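To start, the structure under review is shown below, and the notes come after it.
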Amino acid sequence: FLERPLTTHFRNSNISTKRRFNFAIDGWVQDQDGEWEWEEDDPNYQASTSVVIQASATPQLPSGTYRPKQSLGQNYLKDPNTVAKIVRAFHQDASRYQPTVEEIVELGPGAGALTDKLVEVYGASRLHCIEIDERSIQLLEQKHPTLKITHADVLQVDYSDMAIERPLVVIGNLPYYITSQILFALADAAHVGAVSSATVTMQWEVGQRMVAKPKTKDYGILSVVFQLYADVVCHFKIPPTVFYPKPAVDSALIGLHFYSPSLLRERLQGVAPVQLRRVVTTAFQQRRKTLRNSLKKLCQQEGVELSEEWAVQRPEELTPEDFVALTKSIFGTQSEMQLGKKVWRKLKHGSNN
Ligand SMILES: C[S@@+](CC[C@H](N)C(=O)[O-])C[C@H]1O[C@@H](n2cnc3c(N)ncnc32)[C@H](O)[C@@H]1O
């Protein structure tokens with residue numbers, strides 16, 4: 001399996017109050033005393049990028065007529081520095097395997113805090129926005145007449161229809177009420193090579209699950225699936241103060257670099273994603289139980305007996321690769337199979353992940 005590449009950012013140590021090592025991993029920076037803290041704490045942090053992305057004013061919501069709807073997860077970015085940082089991280093993610101950034105999809109552009117910056121940096125013709133709120137669409141059409149905006153529910157879009165010449169690079173300050181469903185839809189899009197990267201905000205706790213390691217409390221379905229499907233990076237923490245209205249929780253900016261379908265096939269070793277899904281969800285439904293108990297019914301249905309080696313373990317002890325091996329031991333392998341178009345997105349939001 002591919003090892004996750006180590007991301008190294010160089011920083012100017014004398015602009016910080018503490019002297020730092022020039023070193024960071026997945027958003028954590030280490031001080032001279034060896035203590036780790038989030039790069040968000042360093043106001044001078046700049047991700048390495050060949051494109052200059054500077055802060056500029058964020059859009060104002062039209063007064064009186066435009067009240068944010070909680071039901072649509074509308075927490076608008078109001079801090080220009082955070083917008084610039086998000087777009088810099090997006091640029092890093094999107095340009096990791098390709099020299100130019102094209103076929104950008106923004107999920108939930110809202111009033112255009114990120115959109116305006118993306119149009120400024122890349123031009124409107126490379127961007128396609130998906131938004132459900134008619135009011136936002138009107139605002140964006142006035143500002144960017146040539147911008148392609150689709151009025152749709154982001155959960156209904158077919159990413160493979162949108163990826164015309166190359167895989168899409170996705171960005172979004174996501175509506176948090178459907179984060180997991182959006183993420184699982186992106187995983188399905190990776191089956192057909194429709195998405196190469198996604199740089200998305202989410203509730204801090206959900207972000208922690210995406211990068212969690214086995215034997216930790218955050219480790220669960222999201223960790224297993226996304227660490228199998230992508231190289232996952234937590235870029236930085238985002239405080240509630242940079243949004244209007246302020247959410248009750250901290251947020252995280254997560255970068256996902258999806259593996260290509262051929263690499264994904266290699267990683268799945270002939271295991272069908274739909275079977276992997278059954279095993280992972282069944283095991284984590286009872287995360288305190290041993291696999292002997294939690295997978296008993298599933299194994300009976302399949303007429304197999306779990307080997308003792310698996311039977312004594314609990315789901316949180318298994319690495320994502322172990323889950324592939326476990327699924328293989330129950331369901332066997334399939335040669336040259338389609339990975340599937342709607343496998344993970346069927347998972348309900350708020351399920352035990
Ligand atoms: C957290 S706000 C982000 C707005 C803007 N990008 C920003 O950062 O200020 C989420 C956006 O997603 C939109 N949205 C919510 N549910 C959606 C759905 N099911 N499909 C498409 N857009 C949706 C909301 O209307 C809102 O504009």
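How things are named: the first chain in the structure tokens is A, the next is B, and so on; residues count from 1 in each chain; ligands count from 1 in the order shown.
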- stretch 63-73 of chain A environment, 8 Å, only C-alpha atoms, sequence neighbours closer than 4 positions dropped, as number ranges by chain: A: 135, 174-177, 245
Ligand 1: which residues are within 8 Å, counting only C-alpha atoms and all ligand atoms? Reply as a CSV table (one decimal) with N, CA and C atoms, in the first residue's frame.
```csv
chain,number,residue,atom,x,y,z
A,69,LYS,N,-30.5,30.3,6.4
A,69,LYS,CA,-31.4,29.3,6.8
A,69,LYS,C,-30.6,28.2,7.5
A,71,SER,N,-31.8,25.4,8.4
A,71,SER,CA,-32.2,24.1,7.8
A,71,SER,C,-31.3,23.7,6.7
A,72,LEU,N,-30.7,24.7,6.0
A,72,LEU,CA,-29.8,24.4,4.9
A,72,LEU,C,-28.3,24.5,5.3
A,73,GLY,N,-28.1,24.5,6.6
A,73,GLY,CA,-26.7,24.5,7.1
A,73,GLY,C,-25.9,25.8,6.6
A,74,GLN,N,-26.6,26.9,6.6
A,74,GLN,CA,-26.0,28.1,6.0
A,74,GLN,C,-25.2,28.9,7.1
A,75,ASN,N,-23.9,28.6,7.1
A,75,ASN,CA,-23.0,29.4,7.9
A,75,ASN,C,-22.0,30.0,7.0
A,76,TYR,N,-22.1,31.2,6.7
A,76,TYR,CA,-21.3,31.8,5.6
A,76,TYR,C,-19.9,32.3,6.1
A,77,LEU,N,-18.9,32.1,5.3
A,77,LEU,CA,-17.6,32.5,5.7
A,77,LEU,C,-17.5,34.1,5.6
A,78,LYS,N,-17.0,34.7,6.7
A,78,LYS,CA,-17.0,36.2,6.7
A,78,LYS,C,-15.6,36.7,6.8
A,83,VAL,N,-10.8,32.6,4.1
A,83,VAL,CA,-11.1,32.2,2.7
A,83,VAL,C,-9.8,32.0,2.0
A,106,GLU,N,-17.5,23.5,-7.0
A,106,GLU,CA,-17.8,24.0,-5.7
A,106,GLU,C,-19.2,23.6,-5.2
A,107,LEU,N,-19.2,23.0,-4.0
A,107,LEU,CA,-20.4,22.5,-3.4
A,107,LEU,C,-21.0,23.6,-2.5
A,108,GLY,N,-22.2,24.0,-2.7
A,108,GLY,CA,-22.8,25.0,-1.8
A,108,GLY,C,-22.0,26.4,-1.8
A,109,PRO,N,-22.0,27.1,-2.9
A,109,PRO,CA,-21.3,28.4,-3.0
A,109,PRO,C,-21.9,29.5,-2.1
A,110,GLY,N,-23.2,29.4,-1.8
A,110,GLY,CA,-23.8,30.4,-1.0
A,110,GLY,C,-23.7,31.8,-1.6
A,111,ALA,N,-23.3,32.8,-0.8
A,111,ALA,CA,-23.1,34.1,-1.3
A,111,ALA,C,-21.8,34.4,-2.1
A,112,GLY,N,-21.0,33.4,-2.1
A,112,GLY,CA,-19.8,33.4,-2.9
A,112,GLY,C,-18.5,33.7,-2.3
A,113,ALA,N,-18.4,33.5,-0.9
A,113,ALA,CA,-17.1,33.9,-0.3
A,113,ALA,C,-15.9,33.1,-0.9
A,114,LEU,N,-16.1,31.8,-1.1
A,114,LEU,CA,-15.0,31.1,-1.8
A,114,LEU,C,-15.1,31.3,-3.3
A,115,THR,N,-16.3,31.3,-3.9
A,115,THR,CA,-16.5,31.4,-5.3
A,115,THR,C,-15.8,32.7,-5.9
A,130,ILE,N,-22.7,24.1,-7.5
A,130,ILE,CA,-23.9,23.4,-7.2
A,130,ILE,C,-24.5,24.0,-6.0
A,131,GLU,N,-25.7,24.6,-6.1
A,131,GLU,CA,-26.3,25.2,-5.0
A,131,GLU,C,-27.8,25.0,-5.0
A,132,ILE,N,-28.4,24.8,-3.8
A,132,ILE,CA,-29.8,24.5,-3.7
A,132,ILE,C,-30.7,25.7,-3.5
A,133,ASP,N,-30.1,26.8,-2.9
A,133,ASP,CA,-30.8,28.0,-2.5
A,133,ASP,C,-30.9,29.0,-3.7
A,136,SER,N,-29.1,32.4,-3.5
A,136,SER,CA,-27.7,32.5,-3.7
A,136,SER,C,-27.4,32.5,-5.2
A,151,HIS,N,-28.6,24.6,-10.2
A,151,HIS,CA,-29.6,24.6,-9.1
A,151,HIS,C,-30.0,23.2,-8.8
A,152,ALA,N,-29.4,22.6,-7.8
A,152,ALA,CA,-29.6,21.2,-7.5
A,152,ALA,C,-29.3,20.9,-6.1
A,153,ASP,N,-29.8,19.7,-5.7
A,153,ASP,CA,-29.4,19.1,-4.4
A,153,ASP,C,-28.1,18.4,-4.7
A,154,VAL,N,-27.1,18.8,-3.9
A,154,VAL,CA,-25.7,18.2,-4.1
A,154,VAL,C,-25.7,16.7,-4.0
A,155,LEU,N,-26.7,16.2,-3.3
A,155,LEU,CA,-26.7,14.7,-3.1
A,155,LEU,C,-27.3,14.0,-4.4
A,172,GLY,N,-15.5,22.9,-1.0
A,172,GLY,CA,-16.8,23.3,-0.4
A,172,GLY,C,-16.7,23.6,1.0
A,173,ASN,N,-17.4,24.7,1.4
A,173,ASN,CA,-17.7,24.9,2.9
A,173,ASN,C,-19.0,24.2,3.0
A,174,LEU,N,-19.0,22.9,3.4
A,174,LEU,CA,-20.2,22.1,3.3
A,174,LEU,C,-21.3,22.4,4.3
A,175,PRO,N,-22.5,22.2,3.9
A,175,PRO,CA,-23.6,22.2,4.8
A,175,PRO,C,-23.5,21.0,5.8
A,176,TYR,N,-23.3,21.3,7.1
A,176,TYR,CA,-22.9,20.2,7.9
A,176,TYR,C,-24.0,19.1,8.2
A,177,TYR,N,-25.2,19.4,7.9
A,177,TYR,CA,-26.3,18.5,8.1
A,177,TYR,C,-26.2,17.3,7.2
A,178,ILE,N,-25.5,17.4,6.1
A,178,ILE,CA,-25.4,16.3,5.1
A,178,ILE,C,-23.9,15.9,4.8
A,243,PHE,N,-17.4,32.5,10.9
A,243,PHE,CA,-18.6,32.3,10.1
A,243,PHE,C,-19.7,33.2,10.6
```
Ranking A:Lys342, A:Arg278, A:Lys85, A:Lys148 by minimum distance to A:Glu302 and counting only C-alpha atoms, which one comes first?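 Counting only C-alpha atoms, the residue closest to A:Glu302 is A:Arg278.
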Do a neighbour search on A:Ser251 at 6 Å with only C-alpha atoms, toss out local chain neighbours closer than 6 positions, and write the hits as a list in words. Met202, Gln203, Trp204, Lys237 and Ile238 of chain A
Keeping C-alpha atoms, export the residues of the selection given above as a tab-separated table (two decimals), in the first residue's frame.
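Saved file result_31.tsv follows:
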```tsv
chain	number	residue	atom	x	y	z
A	202	MET	CA	-16.71	19.81	8.22
A	203	GLN	CA	-17.46	19.72	11.89
A	204	TRP	CA	-14.18	19.30	13.78
A	237	LYS	CA	-8.88	23.96	12.51
A	238	ILE	CA	-11.43	26.72	11.84
```
With distances taken over only C-alpha atoms, the candidate from A:Leu326, A:Ala272, A:Leu127, A:Val312 nearest A:Leu339 is A:Ala272
### Message
Please extract the residues of stretch 118-278 of chain A with a backbone DSSP assignment of strand (DSSP E) and present them as JSON, numbers by chain.
### Response
{"A": [127, 128, 129, 130, 131, 148, 149, 150, 151, 168, 169, 170, 171, 172, 173, 195, 196, 197, 198, 199, 200, 201, 202, 203, 230, 231, 232, 233, 234, 235, 236, 237, 238, 243, 244, 251, 252, 253, 254, 255, 256, 257, 258]}
